[in-house]
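What follows is a set of notes on a single structure, which appears directly below.
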Protein chains: 2
Amino acid sequence: MEEKRLPRKEREFLRHRQEILETALELFSEKGFHNVSMQEIAQKAEFAVGTMYKFFENKEDLYKALVMEQSDKFHSALTESIEASDDEIEKLQNYVRAKGEVFAANVQMIRLYFAETRGASFNVRAGLDPEIRKRYGRFLETLAAVFANGMKKKRFKKIADPYHLAVALDSLCNAFLFLWLETPDQHPYPEDPDVILNILFKGLVDP
Amino acid sequence: MEEKRLPRKEREFLRHRQEILETALELFSEKGFHNVSMQEIAQKAEFAVGTMYKFFENKEDLYKALVMEQSDKFHSALTESIEASDDEIEKLQNYVRAKGEVFAANVQMIRLYFAETRGASFNVRAGLDPEIRKRYGRFLETLAAVFANGMKKKRFKKIADPYHLAVALDSLCNAFLFLWLETPDQHPYPEDPDVILNILFKGLVDP
DNA sequence: TCAAAATATGACATGTAATTCATAAAGTCA
DNA sequence: TGACTTTATGAATTACATGTCATATTTTGA
């Protein structure tokens, strides 16, 4: 929208920057930070090596920008999905569905996402982690609030700490995404969010 | 036990190998594969660089040996915990408890474990993944069997596919371990396994 | 059209890390 | 002890990646 307002030069600059980021996403998600060289990104994006440094200070800066961009897209989609309804159960259903959709639409992101949220982030020395963690933490709070509200309204039983439930649901979705990533035909991400949610909703041993 | 039977030379060789592996674990778990040099490992383990290559073909081989050793220790401990009882609920409780204990006893392992099971394994080019995946897959089957048996005996309700439940419980434990790793005081791994298990056992919305 | 300004290029300087191997050191045993 | 075998060493080799910068190319606007 406002991109149109920017002078042509700037728009072009941003488009080029974006092209580099897209190329970098492909490569990093496939091979990991250390197994991709600036050469390689430059070549694939059809720029010269030196040109890359007009857009990003260095390799790490490029990587950081990429992860930030993706994590933004990701978290805002999920947050919206939760806010799209007033009903707690619907919120959770929307969330589970959205998580599947966002990932399905951008499979490359998954690898990067798992690499960043799970341990691998020590590939990059600099302080990328803290920023990602903060966003993730904020998001979990939002999700926890849904459980807390549901309990207040007596829609949910107090079977566990709301924050723990948020962590649980999130990790549950991740686990299903992971299965799907490994064996897409055998273990597709469930169409029906209740396949996942029932694990929380229904008691395994309770009457 | 049988180590005593081996000639002194061989025992010494194995001990040295072990020392290198221990040093490598410390370094890799802290900094990741690419940010640790053979120099560094050699120095810390008090060997010469060249000596490392008497024990391992190359850096990747060393890493692979390390991950395999750890993953063995890990999976056998968990499998035993499940087999230590005949009661399905106790099996699950033992498992949740064991997972916490194994990790607590060897925090360094966690990082390596998460790095390997979640996405980061593209740090290493070679086919490490498949082997790890196979073990992990076998373990999940064992866990799934517990749920399946519980259902057969009517101890568990059929709220979801047993394999899905296995994945769910495992990911749930991982999530708690992760919380603990980040903020040990705020989110300790629960002493009582039911804190985790109740999320499965008790229904959130069911009567 | 053309020269000045802006931008892009990629060969190169620099650094670092994996792996090798000629040599030194340690161990063996008659 | 001393000749011979085995093992350990670390300097040197090789390879490759980051980031720079003098130069070439493109754009601008008079």
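We label chains A, B, ... in the order they appear in the structure tokens, count residues from 1 in each chain, and number ligands from 1 in the order shown.
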What residues in chain A have any atom no more than 9 Å from chain D when counting only C-alpha atoms (C1' of nucleotides), and can you write them as number ranges by chain?
A: 37-39, 50, 53, 58-59
Using only C-alpha atoms (C1' of nucleotides), find the residues of chain A whose closest atom to chain C is at most 12 Å away, then write them as a count of residues only.
14
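For the atom pair formed by atom CA of Lys154 of chain A and atom CA of Leu169 of chain B, the distance is 25.8 Å, given to one decimal.
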Pick out the chain A residues within 8 Å of chain B. Count only C-alpha atoms. Give them as an NGL selection string.
:A and (30-35 or 111-112 or 114-115 or 118-120 or 122-123 or 155-160 or 165 or 167-168 or 171-172 or 175-176 or 195 or 198-206)
At a cut-off of 8 Å, using only C-alpha atoms (C1' of nucleotides), what residues contact Val146 of chain B? Leave out same-chain residues fewer than 6 positions from it and give the result as a ChimeraX atom specification.
/B:88,91-92
Could you write those residues out with C-alpha atoms, as a compact mmCIF listing (two decimals), in the first residue's frame?
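Result file selection_21.txt:
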```
# COMPACT_ATOMS: atom_id res chain seq x y z
CA GLU B 88 0.04 -48.81 32.13
CA LYS B 91 4.63 -47.08 32.97
CA LEU B 92 3.74 -43.58 31.87
```
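Here atom CA of Leu27 of chain A is placed at a distance of 10.9 Å from atom CA of Tyr63 of chain A.
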Taking the DSSP secondary structure from the backbone, can you list the residues of segment 43-173 of chain A that are helix (DSSP H, G or I), as an mmCIF file with N, CA and C atoms, in the first residue's frame?
```cif
data_model
loop_
_atom_site.group_PDB
_atom_site.id
_atom_site.type_symbol
_atom_site.label_atom_id
_atom_site.label_comp_id
_atom_site.auth_asym_id
_atom_site.auth_seq_id
_atom_site.Cartn_x
_atom_site.Cartn_y
_atom_site.Cartn_z
ATOM 1 N N GLN A 43 24.943 -15.944 -6.077
ATOM 2 C CA GLN A 43 24.778 -16.582 -7.379
ATOM 3 C C GLN A 43 23.319 -16.920 -7.662
ATOM 4 N N LYS A 44 22.701 -17.556 -6.679
ATOM 5 C CA LYS A 44 21.318 -17.992 -6.884
ATOM 6 C C LYS A 44 20.371 -16.793 -7.020
ATOM 7 N N ALA A 45 20.701 -15.718 -6.322
ATOM 8 C CA ALA A 45 19.836 -14.532 -6.381
ATOM 9 C C ALA A 45 20.216 -13.620 -7.544
ATOM 10 N N VAL A 49 28.605 -10.812 -5.198
ATOM 11 C CA VAL A 49 28.837 -10.938 -3.757
ATOM 12 C C VAL A 49 28.826 -9.568 -3.095
ATOM 13 N N GLY A 50 29.591 -8.675 -3.681
ATOM 14 C CA GLY A 50 29.699 -7.339 -3.107
ATOM 15 C C GLY A 50 28.350 -6.675 -2.925
ATOM 16 N N THR A 51 27.455 -6.950 -3.838
ATOM 17 C CA THR A 51 26.134 -6.325 -3.785
ATOM 18 C C THR A 51 25.369 -6.726 -2.535
ATOM 19 N N MET A 52 25.562 -7.946 -2.132
ATOM 20 C CA MET A 52 24.882 -8.416 -0.929
ATOM 21 C C MET A 52 25.162 -7.494 0.248
ATOM 22 N N TYR A 53 26.365 -6.980 0.254
ATOM 23 C CA TYR A 53 26.785 -6.164 1.399
ATOM 24 C C TYR A 53 26.243 -4.746 1.322
ATOM 25 N N LYS A 54 25.560 -4.433 0.219
ATOM 26 C CA LYS A 54 24.845 -3.159 0.175
ATOM 27 C C LYS A 54 23.520 -3.294 0.917
ATOM 28 N N PHE A 55 23.046 -4.504 1.014
ATOM 29 C CA PHE A 55 21.741 -4.737 1.624
ATOM 30 C C PHE A 55 21.837 -5.187 3.076
ATOM 31 N N LYS A 59 26.852 -11.609 6.814
ATOM 32 C CA LYS A 59 26.039 -12.820 6.666
ATOM 33 C C LYS A 59 25.068 -12.990 7.826
ATOM 34 N N GLU A 60 25.566 -12.733 9.004
ATOM 35 C CA GLU A 60 24.729 -12.916 10.176
ATOM 36 C C GLU A 60 23.553 -11.942 10.182
ATOM 37 N N ASP A 61 23.830 -10.737 9.758
ATOM 38 C CA ASP A 61 22.785 -9.726 9.682
ATOM 39 C C ASP A 61 21.697 -10.174 8.704
ATOM 40 N N LEU A 62 22.126 -10.732 7.602
ATOM 41 C CA LEU A 62 21.175 -11.258 6.618
ATOM 42 C C LEU A 62 20.310 -12.354 7.226
ATOM 43 N N TYR A 63 20.967 -13.255 7.904
ATOM 44 C CA TYR A 63 20.252 -14.362 8.521
ATOM 45 C C TYR A 63 19.253 -13.852 9.555
ATOM 46 N N LYS A 64 19.717 -12.929 10.335
ATOM 47 C CA LYS A 64 18.880 -12.365 11.378
ATOM 48 C C LYS A 64 17.637 -11.700 10.783
ATOM 49 N N ALA A 65 17.871 -10.917 9.734
ATOM 50 C CA ALA A 65 16.747 -10.245 9.074
ATOM 51 C C ALA A 65 15.747 -11.278 8.577
ATOM 52 N N LEU A 66 16.264 -12.341 8.022
ATOM 53 C CA LEU A 66 15.404 -13.393 7.489
ATOM 54 C C LEU A 66 14.561 -14.036 8.581
ATOM 55 N N VAL A 67 15.214 -14.416 9.650
ATOM 56 C CA VAL A 67 14.494 -15.078 10.724
ATOM 57 C C VAL A 67 13.465 -14.145 11.339
ATOM 58 N N MET A 68 13.831 -12.898 11.484
ATOM 59 C CA MET A 68 12.895 -11.931 12.056
ATOM 60 C C MET A 68 11.668 -11.777 11.178
ATOM 61 N N GLU A 69 11.898 -11.634 9.912
ATOM 62 C CA GLU A 69 10.794 -11.464 8.964
ATOM 63 C C GLU A 69 9.844 -12.658 9.053
ATOM 64 N N GLN A 70 10.408 -13.840 9.014
ATOM 65 C CA GLN A 70 9.586 -15.040 9.054
ATOM 66 C C GLN A 70 8.841 -15.171 10.377
ATOM 67 N N SER A 71 9.555 -14.901 11.444
ATOM 68 C CA SER A 71 8.934 -15.086 12.742
ATOM 69 C C SER A 71 7.810 -14.060 12.947
ATOM 70 N N ASP A 72 7.968 -12.887 12.354
ATOM 71 C CA ASP A 72 6.899 -11.887 12.402
ATOM 72 C C ASP A 72 5.652 -12.382 11.686
ATOM 73 N N LYS A 73 5.867 -12.799 10.452
ATOM 74 C CA LYS A 73 4.759 -13.289 9.637
ATOM 75 C C LYS A 73 4.004 -14.366 10.411
ATOM 76 N N PHE A 74 4.788 -15.248 10.966
ATOM 77 C CA PHE A 74 4.294 -16.413 11.657
ATOM 78 C C PHE A 74 3.483 -16.050 12.896
ATOM 79 N N HIS A 75 4.103 -15.271 13.762
ATOM 80 C CA HIS A 75 3.411 -14.961 15.008
ATOM 81 C C HIS A 75 2.195 -14.073 14.804
ATOM 82 N N SER A 76 2.271 -13.183 13.837
ATOM 83 C CA SER A 76 1.094 -12.337 13.652
ATOM 84 C C SER A 76 -0.067 -13.149 13.091
ATOM 85 N N ALA A 77 0.227 -14.107 12.198
ATOM 86 C CA ALA A 77 -0.839 -14.962 11.684
ATOM 87 C C ALA A 77 -1.504 -15.741 12.817
ATOM 88 N N LEU A 78 -0.689 -16.251 13.714
ATOM 89 C CA LEU A 78 -1.248 -17.046 14.802
ATOM 90 C C LEU A 78 -2.030 -16.194 15.792
ATOM 91 N N THR A 79 -1.476 -15.031 16.088
ATOM 92 C CA THR A 79 -2.177 -14.150 17.017
ATOM 93 C C THR A 79 -3.537 -13.748 16.446
ATOM 94 N N GLU A 80 -3.542 -13.401 15.174
ATOM 95 C CA GLU A 80 -4.822 -13.063 14.526
ATOM 96 C C GLU A 80 -5.813 -14.209 14.616
ATOM 97 N N SER A 81 -5.332 -15.400 14.372
ATOM 98 C CA SER A 81 -6.241 -16.549 14.384
ATOM 99 C C SER A 81 -6.924 -16.692 15.740
ATOM 100 N N ILE A 82 -6.195 -16.370 16.770
ATOM 101 C CA ILE A 82 -6.764 -16.475 18.111
ATOM 102 C C ILE A 82 -7.787 -15.376 18.366
ATOM 103 N N GLU A 83 -7.494 -14.216 17.806
ATOM 104 C CA GLU A 83 -8.386 -13.079 18.068
ATOM 105 C C GLU A 83 -9.619 -13.078 17.169
ATOM 106 N N GLU A 88 -13.820 -19.373 23.363
ATOM 107 C CA GLU A 88 -12.512 -19.949 23.696
ATOM 108 C C GLU A 88 -12.197 -21.200 22.874
ATOM 109 N N ILE A 89 -13.187 -22.052 22.738
ATOM 110 C CA ILE A 89 -12.930 -23.281 21.978
ATOM 111 C C ILE A 89 -12.656 -22.963 20.512
ATOM 112 N N GLU A 90 -13.420 -22.037 19.991
ATOM 113 C CA GLU A 90 -13.176 -21.640 18.601
ATOM 114 C C GLU A 90 -11.792 -21.013 18.441
ATOM 115 N N LYS A 91 -11.397 -20.242 19.408
ATOM 116 C CA LYS A 91 -10.060 -19.644 19.368
ATOM 117 C C LYS A 91 -9.008 -20.730 19.202
ATOM 118 N N LEU A 92 -9.138 -21.761 20.023
ATOM 119 C CA LEU A 92 -8.153 -22.839 19.971
ATOM 120 C C LEU A 92 -8.226 -23.581 18.639
ATOM 121 N N GLN A 93 -9.450 -23.796 18.169
ATOM 122 C CA GLN A 93 -9.587 -24.468 16.871
ATOM 123 C C GLN A 93 -8.944 -23.639 15.761
ATOM 124 N N ASN A 94 -9.220 -22.350 15.803
ATOM 125 C CA ASN A 94 -8.624 -21.464 14.792
ATOM 126 C C ASN A 94 -7.100 -21.507 14.852
ATOM 127 N N TYR A 95 -6.610 -21.516 16.055
ATOM 128 C CA TYR A 95 -5.159 -21.534 16.227
ATOM 129 C C TYR A 95 -4.543 -22.794 15.636
ATOM 130 N N VAL A 96 -5.105 -23.933 15.980
ATOM 131 C CA VAL A 96 -4.567 -25.201 15.475
ATOM 132 C C VAL A 96 -4.638 -25.228 13.944
ATOM 133 N N ARG A 97 -5.760 -24.758 13.418
ATOM 134 C CA ARG A 97 -5.923 -24.743 11.970
ATOM 135 C C ARG A 97 -4.911 -23.791 11.338
ATOM 136 N N ALA A 98 -4.803 -22.603 11.920
ATOM 137 C CA ALA A 98 -3.903 -21.587 11.351
ATOM 138 C C ALA A 98 -2.458 -22.070 11.347
ATOM 139 N N LYS A 99 -2.078 -22.706 12.406
ATOM 140 C CA LYS A 99 -0.698 -23.174 12.480
ATOM 141 C C LYS A 99 -0.401 -24.128 11.323
ATOM 142 N N GLY A 100 -1.338 -25.009 11.059
ATOM 143 C CA GLY A 100 -1.178 -25.912 9.928
ATOM 144 C C GLY A 100 -1.118 -25.168 8.615
ATOM 145 N N GLU A 101 -2.009 -24.192 8.470
ATOM 146 C CA GLU A 101 -2.063 -23.463 7.197
ATOM 147 C C GLU A 101 -0.806 -22.644 6.957
ATOM 148 N N VAL A 102 -0.399 -21.899 7.950
ATOM 149 C CA VAL A 102 0.777 -21.054 7.774
ATOM 150 C C VAL A 102 1.977 -21.900 7.363
ATOM 151 N N PHE A 103 2.110 -23.027 8.011
ATOM 152 C CA PHE A 103 3.244 -23.879 7.697
ATOM 153 C C PHE A 103 3.111 -24.518 6.330
ATOM 154 N N ALA A 104 1.909 -25.007 6.036
ATOM 155 C CA ALA A 104 1.705 -25.666 4.750
ATOM 156 C C ALA A 104 2.014 -24.696 3.617
ATOM 157 N N VAL A 107 6.490 -24.235 3.642
ATOM 158 C CA VAL A 107 7.169 -25.354 4.291
ATOM 159 C C VAL A 107 8.599 -25.029 4.707
ATOM 160 N N GLN A 108 9.267 -24.255 3.869
ATOM 161 C CA GLN A 108 10.653 -23.915 4.183
ATOM 162 C C GLN A 108 10.785 -23.277 5.544
ATOM 163 N N MET A 109 9.743 -22.530 5.877
ATOM 164 C CA MET A 109 9.771 -21.829 7.144
ATOM 165 C C MET A 109 9.893 -22.806 8.308
ATOM 166 N N ILE A 110 9.269 -23.953 8.185
ATOM 167 C CA ILE A 110 9.238 -24.870 9.316
ATOM 168 C C ILE A 110 10.631 -25.218 9.792
ATOM 169 N N ARG A 111 11.446 -25.613 8.844
ATOM 170 C CA ARG A 111 12.800 -26.020 9.226
ATOM 171 C C ARG A 111 13.506 -24.886 9.954
ATOM 172 N N LEU A 112 13.389 -23.710 9.352
ATOM 173 C CA LEU A 112 14.025 -22.554 9.960
ATOM 174 C C LEU A 112 13.453 -22.314 11.351
ATOM 175 N N TYR A 113 12.153 -22.448 11.449
ATOM 176 C CA TYR A 113 11.487 -22.197 12.714
ATOM 177 C C TYR A 113 11.941 -23.180 13.784
ATOM 178 N N PHE A 114 11.939 -24.460 13.424
ATOM 179 C CA PHE A 114 12.373 -25.455 14.395
ATOM 180 C C PHE A 114 13.845 -25.269 14.728
ATOM 181 N N ALA A 115 14.619 -24.958 13.709
ATOM 182 C CA ALA A 115 16.040 -24.758 13.956
ATOM 183 C C ALA A 115 16.255 -23.625 14.948
ATOM 184 N N GLU A 116 15.431 -22.598 14.829
ATOM 185 C CA GLU A 116 15.617 -21.434 15.691
ATOM 186 C C GLU A 116 15.024 -21.604 17.077
ATOM 187 N N THR A 117 13.856 -22.233 17.148
ATOM 188 C CA THR A 117 13.231 -22.334 18.464
ATOM 189 C C THR A 117 13.792 -23.498 19.266
ATOM 190 N N ALA A 120 19.015 -25.213 17.965
ATOM 191 C CA ALA A 120 20.003 -25.020 16.905
ATOM 192 C C ALA A 120 20.524 -23.610 16.844
ATOM 193 N N SER A 121 19.896 -22.732 17.569
ATOM 194 C CA SER A 121 20.239 -21.335 17.384
ATOM 195 C C SER A 121 21.650 -21.013 17.828
ATOM 196 N N PHE A 122 22.321 -21.958 18.468
ATOM 197 C CA PHE A 122 23.707 -21.664 18.779
ATOM 198 C C PHE A 122 24.597 -21.774 17.549
ATOM 199 N N ASN A 123 23.970 -21.971 16.396
ATOM 200 C CA ASN A 123 24.731 -21.892 15.154
ATOM 201 C C ASN A 123 25.201 -20.476 14.896
ATOM 202 N N LEU A 128 20.610 -13.411 18.539
ATOM 203 C CA LEU A 128 19.359 -13.536 17.823
ATOM 204 C C LEU A 128 18.318 -14.127 18.758
ATOM 205 N N ASP A 129 18.696 -15.153 19.394
ATOM 206 C CA ASP A 129 17.825 -15.839 20.325
ATOM 207 C C ASP A 129 16.916 -14.954 21.155
ATOM 208 N N PRO A 130 17.479 -14.085 21.941
ATOM 209 C CA PRO A 130 16.651 -13.326 22.880
ATOM 210 C C PRO A 130 15.437 -12.689 22.222
ATOM 211 N N GLU A 131 15.639 -12.117 21.068
ATOM 212 C CA GLU A 131 14.534 -11.441 20.382
ATOM 213 C C GLU A 131 13.424 -12.437 20.010
ATOM 214 N N ILE A 132 13.849 -13.564 19.450
ATOM 215 C CA ILE A 132 12.888 -14.612 19.083
ATOM 216 C C ILE A 132 12.163 -15.133 20.318
ATOM 217 N N ARG A 133 12.937 -15.377 21.337
ATOM 218 C CA ARG A 133 12.353 -15.890 22.572
ATOM 219 C C ARG A 133 11.282 -14.960 23.101
ATOM 220 N N LYS A 134 11.579 -13.662 23.022
ATOM 221 C CA LYS A 134 10.651 -12.677 23.549
ATOM 222 C C LYS A 134 9.311 -12.788 22.818
ATOM 223 N N ARG A 135 9.396 -12.848 21.486
ATOM 224 C CA ARG A 135 8.162 -12.947 20.711
ATOM 225 C C ARG A 135 7.406 -14.222 21.043
ATOM 226 N N TYR A 136 8.146 -15.271 21.095
ATOM 227 C CA TYR A 136 7.540 -16.563 21.381
ATOM 228 C C TYR A 136 6.884 -16.529 22.759
ATOM 229 N N GLY A 137 7.593 -15.935 23.702
ATOM 230 C CA GLY A 137 7.066 -15.819 25.051
ATOM 231 C C GLY A 137 5.767 -15.021 25.068
ATOM 232 N N ARG A 138 5.766 -13.901 24.337
ATOM 233 C CA ARG A 138 4.558 -13.073 24.288
ATOM 234 C C ARG A 138 3.395 -13.879 23.716
ATOM 235 N N PHE A 139 3.716 -14.624 22.670
ATOM 236 C CA PHE A 139 2.655 -15.401 22.050
ATOM 237 C C PHE A 139 2.088 -16.444 23.001
ATOM 238 N N LEU A 140 2.959 -17.107 23.719
ATOM 239 C CA LEU A 140 2.488 -18.119 24.665
ATOM 240 C C LEU A 140 1.580 -17.499 25.721
ATOM 241 N N GLU A 141 1.895 -16.270 26.113
ATOM 242 C CA GLU A 141 1.048 -15.587 27.094
ATOM 243 C C GLU A 141 -0.349 -15.377 26.526
ATOM 244 N N THR A 142 -0.398 -14.986 25.268
ATOM 245 C CA THR A 142 -1.694 -14.791 24.616
ATOM 246 C C THR A 142 -2.506 -16.084 24.634
ATOM 247 N N LEU A 143 -1.815 -17.159 24.303
ATOM 248 C CA LEU A 143 -2.491 -18.451 24.277
ATOM 249 C C LEU A 143 -2.918 -18.868 25.685
ATOM 250 N N ALA A 144 -2.038 -18.606 26.645
ATOM 251 C CA ALA A 144 -2.365 -18.960 28.028
ATOM 252 C C ALA A 144 -3.607 -18.201 28.500
ATOM 253 N N ALA A 145 -3.723 -16.974 28.036
ATOM 254 C CA ALA A 145 -4.869 -16.155 28.435
ATOM 255 C C ALA A 145 -6.180 -16.789 27.979
ATOM 256 N N VAL A 146 -6.155 -17.430 26.830
ATOM 257 C CA VAL A 146 -7.357 -18.105 26.340
ATOM 258 C C VAL A 146 -7.780 -19.191 27.323
ATOM 259 N N PHE A 147 -6.797 -19.968 27.757
ATOM 260 C CA PHE A 147 -7.124 -21.024 28.728
ATOM 261 C C PHE A 147 -7.609 -20.426 30.043
ATOM 262 N N ALA A 148 -6.929 -19.393 30.489
ATOM 263 C CA ALA A 148 -7.307 -18.762 31.754
ATOM 264 C C ALA A 148 -8.731 -18.217 31.687
ATOM 265 N N ASN A 149 -9.054 -17.551 30.577
ATOM 266 C CA ASN A 149 -10.409 -17.030 30.418
ATOM 267 C C ASN A 149 -11.445 -18.134 30.387
ATOM 268 N N GLY A 150 -11.124 -19.178 29.643
ATOM 269 C CA GLY A 150 -12.037 -20.319 29.572
ATOM 270 C C GLY A 150 -12.315 -20.887 30.948
ATOM 271 N N MET A 151 -11.290 -20.900 31.781
ATOM 272 C CA MET A 151 -11.486 -21.411 33.144
ATOM 273 C C MET A 151 -12.355 -20.470 33.967
ATOM 274 N N LYS A 152 -12.089 -19.182 33.795
ATOM 275 C CA LYS A 152 -12.871 -18.205 34.539
ATOM 276 C C LYS A 152 -14.351 -18.345 34.204
ATOM 277 N N PRO A 162 -2.708 -22.616 33.263
ATOM 278 C CA PRO A 162 -2.977 -22.141 31.899
ATOM 279 C C PRO A 162 -1.715 -22.013 31.048
ATOM 280 N N TYR A 163 -0.663 -21.533 31.637
ATOM 281 C CA TYR A 163 0.578 -21.395 30.872
ATOM 282 C C TYR A 163 1.088 -22.761 30.425
ATOM 283 N N HIS A 164 0.992 -23.716 31.325
ATOM 284 C CA HIS A 164 1.385 -25.076 30.953
ATOM 285 C C HIS A 164 0.520 -25.617 29.833
ATOM 286 N N LEU A 165 -0.747 -25.298 29.884
ATOM 287 C CA LEU A 165 -1.636 -25.761 28.816
ATOM 288 C C LEU A 165 -1.264 -25.120 27.490
ATOM 289 N N ALA A 166 -0.896 -23.846 27.544
ATOM 290 C CA ALA A 166 -0.475 -23.164 26.320
ATOM 291 C C ALA A 166 0.758 -23.846 25.743
ATOM 292 N N VAL A 167 1.720 -24.084 26.600
ATOM 293 C CA VAL A 167 2.932 -24.777 26.169
ATOM 294 C C VAL A 167 2.582 -26.151 25.603
ATOM 295 N N ALA A 168 1.661 -26.805 26.290
ATOM 296 C CA ALA A 168 1.279 -28.145 25.861
ATOM 297 C C ALA A 168 0.646 -28.133 24.473
ATOM 298 N N LEU A 169 -0.292 -27.247 24.277
ATOM 299 C CA LEU A 169 -0.968 -27.209 22.980
ATOM 300 C C LEU A 169 0.011 -26.846 21.867
ATOM 301 N N ASP A 170 0.829 -25.871 22.158
ATOM 302 C CA ASP A 170 1.799 -25.453 21.153
ATOM 303 C C ASP A 170 2.732 -26.600 20.782
ATOM 304 N N SER A 171 3.219 -27.288 21.794
ATOM 305 C CA SER A 171 4.172 -28.367 21.506
ATOM 306 C C SER A 171 3.460 -29.523 20.814
ATOM 307 N N LEU A 172 2.187 -29.684 21.118
ATOM 308 C CA LEU A 172 1.393 -30.712 20.463
ATOM 309 C C LEU A 172 1.293 -30.434 18.959
ATOM 310 N N CYS A 173 0.981 -29.202 18.645
ATOM 311 C CA CYS A 173 0.901 -28.820 17.227
ATOM 312 C C CYS A 173 2.255 -29.005 16.552
#
```
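Counting from atom CA of Glu12 of chain A, the distance to atom CA of Glu26 of chain A is 21.4 Å.
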